[in-house]
Structures are given as C-alpha cells and as structure tokens.
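Student: Below is the file my_file39.pdb, which contains PDB, C-alpha atoms, pLDDT in the B column.
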ATOM      1  CA  MET A  24      59.804  29.476 -12.674  1.00 53.00           C
ATOM      2  CA  THR A  25      57.039  31.309 -14.549  1.00 55.00           C
ATOM      3  CA  ALA A  26      54.141  32.941 -12.794  1.00 56.00           C
ATOM      4  CA  PRO A  27      50.824  31.151 -13.186  1.00 56.00           C
ATOM      5  CA  ARG A  28      48.411  32.691 -15.728  1.00 56.00           C
ATOM      6  CA  PRO A  29      45.487  34.504 -14.146  1.00 54.00           C
ATOM      7  CA  ARG A  30      42.249  32.606 -14.460  1.00 52.00           C
ATOM      8  CA  ARG A  31      39.370  34.194 -16.383  1.00 51.00           C
ATOM      9  CA  ALA A  32      36.674  35.289 -14.045  1.00 50.00           C
ATOM     10  CA  ALA A  33      33.742  32.957 -14.236  1.00 52.00           C
ATOM     11  CA  GLU A  34      30.675  34.503 -15.801  1.00 53.00           C
ATOM     12  CA  THR A  35      27.999  35.279 -13.308  1.00 63.00           C
ATOM     13  CA  PRO A  36      24.574  33.669 -13.647  1.00 60.00           C
ATOM     14  CA  ALA A  37      23.142  37.088 -14.562  1.00 59.00           C
ATOM     15  CA  ALA A  38      25.627  37.491 -17.441  1.00 59.00           C
ATOM     16  CA  LEU A  39      24.856  33.999 -18.719  1.00 59.00           C
ATOM     17  CA  ASP A  40      21.142  34.759 -18.551  1.00 63.00           C
ATOM     18  CA  ASP A  41      21.587  37.984 -20.531  1.00 64.00           C
ATOM     19  CA  ARG A  42      23.638  36.187 -23.197  1.00 63.00           C
ATOM     20  CA  ALA A  43      21.036  33.415 -23.462  1.00 58.00           C
ATOM     21  CA  ARG A  44      18.279  35.963 -23.948  1.00 65.00           C
ATOM     22  CA  GLU A  45      20.248  37.748 -26.664  1.00 66.00           C
ATOM     23  CA  ASN A  46      20.838  34.449 -28.459  1.00 58.00           C
ATOM     24  CA  LEU A  47      17.160  33.506 -28.230  1.00 55.00           C
ATOM     25  CA  SER A  48      16.113  36.920 -29.566  1.00 58.00           C
ATOM     26  CA  PHE A  49      18.503  36.548 -32.492  1.00 50.00           C
ATOM     27  CA  ILE A  50      17.265  33.027 -33.263  1.00 49.00           C
ATOM     28  CA  ARG A  51      13.622  34.103 -33.040  1.00 50.00           C
ATOM     29  CA  ALA A  52      14.180  37.090 -35.343  1.00 46.00           C
ATOM     30  CA  THR A  53      16.046  34.917 -37.840  1.00 43.00           C
ATOM     31  CA  MET A  54      13.273  32.324 -37.881  1.00 39.00           C
ATOM     32  CA  GLU A  55      10.616  35.017 -38.363  1.00 45.00           C
ATOM     33  CA  ARG A  56      12.506  36.437 -41.334  1.00 45.00           C
ATOM     34  CA  ALA A  57      12.918  32.993 -42.843  1.00 42.00           C
ATOM     35  CA  ALA A  58       9.229  32.192 -42.385  1.00 41.00           C
ATOM     36  CA  SER A  59       8.040  35.472 -43.903  1.00 48.00           C
ATOM     37  CA  PHE A  60       6.859  35.372 -47.478  1.00 52.00           C
ATOM     38  CA  THR A  61       8.930  37.987 -49.301  1.00 57.00           C
ATOM     39  CA  GLY A  62       7.823  36.887 -52.769  1.00 61.00           C
ATOM     40  CA  VAL A  63       5.195  39.650 -53.073  1.00 71.00           C
ATOM     41  CA  PRO A  64       6.285  41.286 -56.346  1.00 78.00           C
ATOM     42  CA  GLY A  65       7.121  44.959 -55.946  1.00 82.00           C
ATOM     43  CA  TRP A  66       7.683  45.718 -59.618  1.00 87.00           C
ATOM     44  CA  GLY A  67       4.592  43.683 -60.444  1.00 87.00           C
ATOM     45  CA  GLY A  68       2.655  45.925 -58.070  1.00 88.00           C
ATOM     46  CA  VAL A  69       4.052  48.989 -59.822  1.00 92.00           C
ATOM     47  CA  ALA A  70       2.867  47.652 -63.191  1.00 93.00           C
ATOM     48  CA  MET A  71      -0.558  46.798 -61.752  1.00 93.00           C
ATOM     49  CA  GLY A  72      -0.842  50.304 -60.321  1.00 94.00           C
ATOM     50  CA  LEU A  73      -0.025  51.890 -63.667  1.00 95.00           C
ATOM     51  CA  THR A  74      -2.637  49.815 -65.514  1.00 95.00           C
ATOM     52  CA  ALA A  75      -5.220  50.732 -62.854  1.00 95.00           C
ATOM     53  CA  LEU A  76      -4.548  54.444 -63.386  1.00 96.00           C
ATOM     54  CA  VAL A  77      -5.117  54.007 -67.113  1.00 96.00           C
ATOM     55  CA  ALA A  78      -8.274  51.966 -66.475  1.00 96.00           C
ATOM     56  CA  ALA A  79      -9.659  54.660 -64.165  1.00 96.00           C
ATOM     57  CA  LEU A  80      -9.278  57.269 -66.898  1.00 95.00           C
ATOM     58  CA  VAL A  81     -10.856  55.044 -69.533  1.00 96.00           C
ATOM     59  CA  ALA A  82     -13.699  53.888 -67.269  1.00 95.00           C
ATOM     60  CA  HIS A  83     -14.574  57.430 -66.242  1.00 93.00           C
ATOM     61  CA  GLY A  84     -15.266  58.292 -69.865  1.00 91.00           C
ATOM     62  CA  GLN A  85     -17.776  55.466 -70.434  1.00 94.00           C
ATOM     63  CA  SER A  86     -21.410  56.366 -71.031  1.00 91.00           C
ATOM     64  CA  THR A  87     -23.089  53.222 -69.645  1.00 94.00           C
ATOM     65  CA  PRO A  88     -22.609  51.222 -66.446  1.00 94.00           C
ATOM     66  CA  ARG A  89     -21.986  48.019 -68.405  1.00 94.00           C
ATOM     67  CA  ALA A  90     -19.243  49.634 -70.473  1.00 95.00           C
ATOM     68  CA  TRP A  91     -17.728  50.955 -67.260  1.00 96.00           C
ATOM     69  CA  LEU A  92     -17.886  47.478 -65.726  1.00 95.00           C
ATOM     70  CA  THR A  93     -16.267  45.951 -68.811  1.00 96.00           C
ATOM     71  CA  VAL A  94     -13.283  48.297 -68.507  1.00 96.00           C
ATOM     72  CA  TRP A  95     -12.710  47.318 -64.883  1.00 96.00           C
ATOM     73  CA  LEU A  96     -13.187  43.609 -65.535  1.00 95.00           C
ATOM     74  CA  VAL A  97     -10.550  43.772 -68.283  1.00 96.00           C
ATOM     75  CA  GLU A  98      -8.290  45.678 -65.896  1.00 95.00           C
ATOM     76  CA  GLY A  99      -8.847  43.024 -63.225  1.00 93.00           C
ATOM     77  CA  LEU A 100      -7.812  40.278 -65.649  1.00 94.00           C
ATOM     78  CA  VAL A 101      -4.740  42.214 -66.787  1.00 95.00           C
ATOM     79  CA  ALA A 102      -3.733  42.917 -63.172  1.00 92.00           C
ATOM     80  CA  PHE A 103      -4.208  39.256 -62.232  1.00 89.00           C
ATOM     81  CA  LEU A 104      -1.985  38.093 -65.099  1.00 92.00           C
ATOM     82  CA  ILE A 105       0.701  40.649 -64.235  1.00 91.00           C
ATOM     83  CA  GLY A 106       0.601  39.730 -60.551  1.00 84.00           C
ATOM     84  CA  ALA A 107       0.681  35.976 -61.174  1.00 83.00           C
ATOM     85  CA  TRP A 108       3.590  36.270 -63.611  1.00 86.00           C
ATOM     86  CA  ALA A 109       5.572  38.601 -61.329  1.00 82.00           C
ATOM     87  CA  LEU A 110       4.873  36.431 -58.268  1.00 77.00           C
ATOM     88  CA  GLY A 111       6.052  33.281 -60.028  1.00 75.00           C
ATOM     89  CA  ARG A 112       9.137  34.987 -61.437  1.00 79.00           C
ATOM     90  CA  LYS A 113      10.239  36.410 -58.089  1.00 74.00           C
ATOM     91  CA  ALA A 114       9.531  33.174 -56.216  1.00 67.00           C
ATOM     92  CA  ARG A 115      11.527  31.077 -58.701  1.00 71.00           C
ATOM     93  CA  ARG A 116      14.413  33.544 -58.551  1.00 72.00           C
ATOM     94  CA  ASP A 117      14.506  33.599 -54.739  1.00 62.00           C
ATOM     95  CA  HIS A 118      13.592  29.999 -53.861  1.00 58.00           C
ATOM     96  CA  GLY A 119      13.892  27.946 -57.055  1.00 55.00           C
ATOM     97  CA  ARG A 120      10.191  27.069 -56.971  1.00 57.00           C
ATOM     98  CA  VAL A 121       6.959  28.977 -57.379  1.00 55.00           C
ATOM     99  CA  LEU A 122       5.627  28.805 -53.817  1.00 59.00           C
ATOM    100  CA  THR A 123       7.229  28.036 -50.489  1.00 64.00           C
ATOM    101  CA  ARG A 124       5.169  26.994 -47.461  1.00 67.00           C
ATOM    102  CA  SER A 125       4.719  30.631 -46.441  1.00 63.00           C
ATOM    103  CA  GLY A 126       3.866  31.468 -50.055  1.00 67.00           C
ATOM    104  CA  ARG A 127       1.071  28.908 -50.073  1.00 74.00           C
ATOM    105  CA  GLN A 128      -0.219  30.346 -46.805  1.00 77.00           C
ATOM    106  CA  PHE A 129      -0.229  33.800 -48.382  1.00 75.00           C
ATOM    107  CA  VAL A 130      -2.227  32.638 -51.403  1.00 77.00           C
ATOM    108  CA  LEU A 131      -4.709  30.610 -49.355  1.00 83.00           C
ATOM    109  CA  SER A 132      -5.323  33.579 -47.049  1.00 84.00           C
ATOM    110  CA  PHE A 133      -5.598  36.042 -49.934  1.00 85.00           C
ATOM    111  CA  ALA A 134      -8.044  33.985 -52.022  1.00 88.00           C
ATOM    112  CA  PRO A 135     -11.229  33.853 -49.837  1.00 91.00           C
ATOM    113  CA  PRO A 136     -11.852  37.645 -49.727  1.00 92.00           C
ATOM    114  CA  ILE A 137     -11.312  37.801 -53.496  1.00 91.00           C
ATOM    115  CA  LEU A 138     -13.828  34.999 -54.079  1.00 93.00           C
ATOM    116  CA  VAL A 139     -16.325  36.758 -51.805  1.00 94.00           C
ATOM    117  CA  GLY A 140     -15.773  39.928 -53.813  1.00 93.00           C
ATOM    118  CA  ALA A 141     -16.568  38.080 -57.036  1.00 93.00           C
ATOM    119  CA  VAL A 142     -19.801  36.681 -55.584  1.00 95.00           C
ATOM    120  CA  LEU A 143     -20.886  40.067 -54.222  1.00 95.00           C
ATOM    121  CA  SER A 144     -20.061  41.696 -57.557  1.00 95.00           C
ATOM    122  CA  VAL A 145     -22.447  39.368 -59.371  1.00 95.00           C
ATOM    123  CA  ALA A 146     -25.181  40.124 -56.833  1.00 96.00           C
ATOM    124  CA  LEU A 147     -24.637  43.890 -56.998  1.00 96.00           C
ATOM    125  CA  VAL A 148     -24.639  43.921 -60.804  1.00 95.00           C
ATOM    126  CA  ALA A 149     -27.861  41.889 -60.827  1.00 94.00           C
ATOM    127  CA  ALA A 150     -29.390  44.457 -58.457  1.00 95.00           C
ATOM    128  CA  GLN A 151     -27.904  47.308 -60.560  1.00 93.00           C
ATOM    129  CA  GLN A 152     -26.092  48.686 -57.513  1.00 94.00           C
ATOM    130  CA  TRP A 153     -23.151  49.872 -59.596  1.00 93.00           C
ATOM    131  CA  ASN A 154     -22.179  52.610 -57.157  1.00 93.00           C
ATOM    132  CA  LEU A 155     -21.299  50.048 -54.455  1.00 95.00           C
ATOM    133  CA  LEU A 156     -18.794  48.138 -56.571  1.00 96.00           C
ATOM    134  CA  PRO A 157     -15.722  50.396 -56.077  1.00 96.00           C
ATOM    135  CA  GLY A 158     -16.036  50.294 -52.287  1.00 96.00           C
ATOM    136  CA  VAL A 159     -16.672  46.547 -52.175  1.00 96.00           C
ATOM    137  CA  TRP A 160     -13.757  45.809 -54.515  1.00 96.00           C
ATOM    138  CA  LEU A 161     -11.301  47.985 -52.572  1.00 97.00           C
ATOM    139  CA  LEU A 162     -12.418  46.705 -49.176  1.00 96.00           C
ATOM    140  CA  LEU A 163     -12.200  43.018 -50.077  1.00 95.00           C
ATOM    141  CA  TYR A 164      -8.984  43.327 -52.079  1.00 94.00           C
ATOM    142  CA  GLY A 165      -7.476  45.193 -49.140  1.00 94.00           C
ATOM    143  CA  THR A 166      -8.759  42.519 -46.769  1.00 94.00           C
ATOM    144  CA  GLY A 167      -7.094  39.841 -48.887  1.00 91.00           C
ATOM    145  CA  ILE A 168      -3.807  41.714 -48.765  1.00 90.00           C
ATOM    146  CA  VAL A 169      -4.057  42.115 -44.982  1.00 91.00           C
ATOM    147  CA  THR A 170      -4.847  38.442 -44.344  1.00 88.00           C
ATOM    148  CA  GLY A 171      -2.243  37.232 -46.816  1.00 82.00           C
ATOM    149  CA  GLY A 172       0.191  39.817 -45.503  1.00 77.00           C
ATOM    150  CA  ALA A 173       0.151  38.144 -42.103  1.00 77.00           C
ATOM    151  CA  PHE A 174       2.658  35.725 -43.689  1.00 71.00           C
ATOM    152  CA  SER A 175       4.659  38.430 -45.422  1.00 71.00           C
ATOM    153  CA  VAL A 176       6.778  41.456 -44.619  1.00 76.00           C
ATOM    154  CA  ARG A 177       5.205  44.285 -42.611  1.00 83.00           C
ATOM    155  CA  VAL A 178       4.694  46.660 -45.531  1.00 87.00           C
ATOM    156  CA  VAL A 179       2.239  44.263 -47.229  1.00 87.00           C
ATOM    157  CA  PRO A 180      -0.556  44.368 -44.596  1.00 88.00           C
ATOM    158  CA  LEU A 181      -0.025  48.127 -44.328  1.00 91.00           C
ATOM    159  CA  MET A 182      -0.845  48.364 -48.020  1.00 92.00           C
ATOM    160  CA  GLY A 183      -3.969  46.299 -47.398  1.00 92.00           C
ATOM    161  CA  PHE A 184      -5.148  48.587 -44.587  1.00 94.00           C
ATOM    162  CA  ALA A 185      -4.652  51.599 -46.872  1.00 95.00           C
ATOM    163  CA  MET A 186      -6.798  49.914 -49.526  1.00 95.00           C
ATOM    164  CA  MET A 187      -9.500  49.149 -46.958  1.00 96.00           C
ATOM    165  CA  LEU A 188      -9.562  52.772 -45.799  1.00 96.00           C
ATOM    166  CA  ILE A 189     -10.020  53.995 -49.367  1.00 96.00           C
ATOM    167  CA  GLY A 190     -12.734  51.370 -49.877  1.00 96.00           C
ATOM    168  CA  LEU A 191     -14.591  52.718 -46.850  1.00 96.00           C
ATOM    169  CA  ILE A 192     -14.338  56.227 -48.285  1.00 96.00           C
ATOM    170  CA  ALA A 193     -15.664  54.957 -51.619  1.00 96.00           C
ATOM    171  CA  LEU A 194     -18.713  53.435 -49.904  1.00 94.00           C
ATOM    172  CA  LEU A 195     -19.522  56.633 -48.021  1.00 94.00           C
ATOM    173  CA  ALA A 196     -18.658  59.116 -50.777  1.00 94.00           C
ATOM    174  CA  PRO A 197     -20.888  60.151 -53.705  1.00 94.00           C
ATOM    175  CA  ALA A 198     -21.040  57.627 -56.553  1.00 90.00           C
ATOM    176  CA  ALA A 199     -19.145  60.047 -58.825  1.00 91.00           C
ATOM    177  CA  TRP A 200     -16.047  59.490 -56.691  1.00 95.00           C
ATOM    178  CA  GLY A 201     -15.851  55.781 -57.540  1.00 94.00           C
ATOM    179  CA  ASP A 202     -13.247  55.952 -60.297  1.00 95.00           C
ATOM    180  CA  ALA A 203     -11.144  58.437 -58.340  1.00 96.00           C
ATOM    181  CA  CYS A 204     -11.121  56.151 -55.305  1.00 96.00           C
ATOM    182  CA  MET A 205     -10.089  53.184 -57.439  1.00 95.00           C
ATOM    183  CA  ALA A 206      -7.387  55.274 -59.104  1.00 96.00           C
ATOM    184  CA  VAL A 207      -6.024  56.105 -55.654  1.00 96.00           C
ATOM    185  CA  GLY A 208      -6.367  52.580 -54.232  1.00 95.00           C
ATOM    186  CA  PHE A 209      -5.644  50.215 -57.094  1.00 95.00           C
ATOM    187  CA  GLY A 210      -3.422  52.778 -58.790  1.00 94.00           C
ATOM    188  CA  ALA A 211      -1.464  55.138 -56.547  1.00 95.00           C
ATOM    189  CA  VAL A 212      -1.396  53.015 -53.374  1.00 94.00           C
ATOM    190  CA  GLN A 213      -0.393  49.852 -55.213  1.00 92.00           C
ATOM    191  CA  LEU A 214       2.219  51.724 -57.219  1.00 92.00           C
ATOM    192  CA  GLY A 215       3.710  53.457 -54.171  1.00 92.00           C
ATOM    193  CA  PHE A 216       3.861  50.371 -51.971  1.00 89.00           C
ATOM    194  CA  GLY A 217       5.141  48.373 -54.953  1.00 88.00           C
ATOM    195  CA  LEU A 218       8.125  50.709 -55.184  1.00 91.00           C
ATOM    196  CA  VAL A 219       8.830  50.264 -51.465  1.00 89.00           C
ATOM    197  CA  ILE A 220       8.637  46.454 -51.755  1.00 85.00           C
ATOM    198  CA  ALA A 221      10.814  46.449 -54.872  1.00 83.00           C
ATOM    199  CA  ARG A 222      13.535  48.532 -53.249  1.00 86.00           C
ATOM    200  CA  ARG A 223      13.554  46.946 -49.799  1.00 83.00           C
ATOM    201  CA  HIS A 224      12.586  43.350 -50.492  1.00 73.00           C
ATOM    202  CA  GLY A 225      14.299  42.299 -53.679  1.00 70.00           C
ATOM    203  CA  GLY A 226      12.167  43.448 -56.586  1.00 68.00           C
TER     204      GLY A 226
END
Can I see the file as structure tokens?
Tutor:
Amino acid sequence: MTAPRPRRAAETPAALDDRARENLSFIRATMERAASFTGVPGWGGVAMGLTALVAALVAHGQSTPRAWLTVWLVEGLVAFLIGAWALGRKARRDHGRVLTRSGRQFVLSFAPPILVGAVLSVALVAAQQWNLLPGVWLLLYGTGIVTGGAFSVRVVPLMGFAMMLIGLIALLAPAAWGDACMAVGFGAVQLGFGLVIARRHGG
C-alpha cells in the first residue's frame, strides 16, 4: 500500500492578492506599450537635424531679413517632407498602415501648435518683428512635440521640452543669437534625440 501524496499547501489570500497585483501591473504595462505611438521616425529626425544645421549656416550669412526668412521657410518645407516620408515609412513597416489610432492622436495633438506658429509668423513678419521668430518657432514646435508626445514613448516629450527651453532662451537672448538657438534646437537637439529614438525604438 503506497503512502498518500502530500497535498500542496493552499495559497494564502495574501499570496493570491500579490499574484493578482503582479498580473495587473504586467497587463497595464503591456497595454500602455501597445497604445504608445512608436512611429516617430528617429532617422528622419536625424536627417531633419542635419538640414537644420546647414540652414542655420546659410541663413546666418544672409544680408536681409527676407532672405533670411526664405532660407528658413525652405528648410521648414524640406524638414516637413523628410518627416512625413519617414513617418509614413516607419508606420507602414511596423503596422502595415500609415497611422494607427495612437498615430492619429499624435498628429492631431501636434498640428494645433504648428498652425498657431504659422499664424503668428505671418503677424510677426507683417510687424517686422524678425527677432521674435526663432523663439516663437522653437517654443511652438516644442509644444507640438510635447502634446503629441503624450501618445508616444517618453523620449519624445523630453525632446519637446528641450526645444521649448531653447525657444525661451531665444526670446530672451539678443537677436544675434537667433540662428545659433535654431541650430541647437532644430539641429543638434533633433539630431541627438533622433539617434536615441532610432536606436531604442526601431529606426
């Protein structure tokens, strides 16, 4: 006659509660990662940063405010095209379509500050307040990244806050610092954070 097998000790209510909490934490973290928009293009940001550095050098050598403005408007168009292409390419590679639900939330949150920046730019140019443009551009672009970054990975809103800080410096600094501030913000910051995004979040 064989000895009866020892019964497994029943889990205590405290142990069950701890296991349930661990499972809930894992599920919550998984859902947050799935809901985050990771389609922000890192290598696209690197390319945008490089073109901004070139634009800062070219713009600084212009002799009239309108020529200076033209350089930065061309740079803005080039950066937009690079960003849109890189965003679409990464989104199609990762999800099979251009924008997921979180991607649409990112774009819709990013767009209003950019539109406000365009309106303010027209008003400042009409008033010939050229020296305010670098600070306004950096602040509102950074704001767009922060608000859009609420639906993305943590590094994205951090990049936006860095842009906003440089924009504040540009507003308070002498007008001669404008191109340098934009080289740092649109150039170095975007390039550096782009490398981080590319390496940690799939290109």
Student: Decode the PyMOL selection byres ((chain A and resi 63-74) around 9) for the given file into explicit residues and return them as a PyMOL selection string.
Tutor: chain A and resi 60-62+75-79+98+101-103+105-114+126+175-176+179+206+208-222+224-226
Student: Have a look at A:Leu104, A:Met186, A:Leu163, A:Ala199 and name the one nearest to His83 in chain A; count all atoms listed in the file.
Tutor: A:Ala199
Student: So that I can see what lies close to Ser144 in chain A, please list as a PyMOL selection string the residues with an atom at most 7 Å from it, counting only C-alpha atoms and leaving out residues fewer than 4 positions away in the same chain.
Tutor: chain A and resi 140+148+156
Student: Quick one: pull the distance between CA of Leu143 in chain A and CA of Val159 in chain A, Å, one decimal.
Tutor: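 Between these atoms lies a distance of 8.0 Å.
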Student: Which centre and which edge lengths, in Å to one decimal, describe the axis-aligned box that holds all listed atoms of range 107-117 of chain A after 3 Å is added on each side, as AutoDock Vina command-line options?
Tutor:
--center_x 7.6 --center_y 34.8 --center_z -59.2 --size_x 19.8 --size_y 13.5 --size_z 14.9
Student: Given the choices A:Ala146, A:Ile189, A:Leu100, A:Ala173, which gets closest to Val207 in chain A if the distance is worked out from all atoms listed in the file?
Tutor: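 Under the stated criterion, the closest residue is A:Ile189.
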Student: Provide the CA of Leu161 in chain A to CA of Ala198 in chain A distance in Å, to one decimal place.
Tutor: 14.3 Å
Student: Any idea what the distance is between CA of Leu162 in chain A and CA of Leu80 in chain A?
Tutor: 20.9 Å
Student: Skipping near chain neighbours, those fewer than 6 positions away, what residues fall within 6 Å of range 128-137 of chain A using all atoms listed in the file, listed as a PDB file with C-alpha atoms, in the coordinates of the input?
Tutor:
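Saved the output as out20.pdb:
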ATOM      1  CA  LEU A 163     -12.200  43.018 -50.077  1.00 95.00           C
ATOM      2  CA  GLY A 167      -7.094  39.841 -48.887  1.00 91.00           C
ATOM      3  CA  THR A 170      -4.847  38.442 -44.344  1.00 88.00           C
ATOM      4  CA  GLY A 171      -2.243  37.232 -46.816  1.00 82.00           C
ATOM      5  CA  PHE A 174       2.658  35.725 -43.689  1.00 71.00           C
TER       6      PHE A 174
END
Student: Can you work out which one of A:Trp153, A:Met205, A:Met182, A:Ala196 has the shortest atom-to-atom distance to Trp91 in chain A, counting all atoms listed in the file?
Tutor: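 Nearest candidate to Trp91 in chain A out of A:Trp153, A:Met205, A:Met182, A:Ala196: A:Trp153.
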Student: If you count all atoms listed in the file, which residues fall within 7 Å of Leu191 in chain A, apart from same-chain ones fewer than 3 positions away, as a PyMOL selection string?
Tutor: chain A and resi 158+162+187-188+194-195
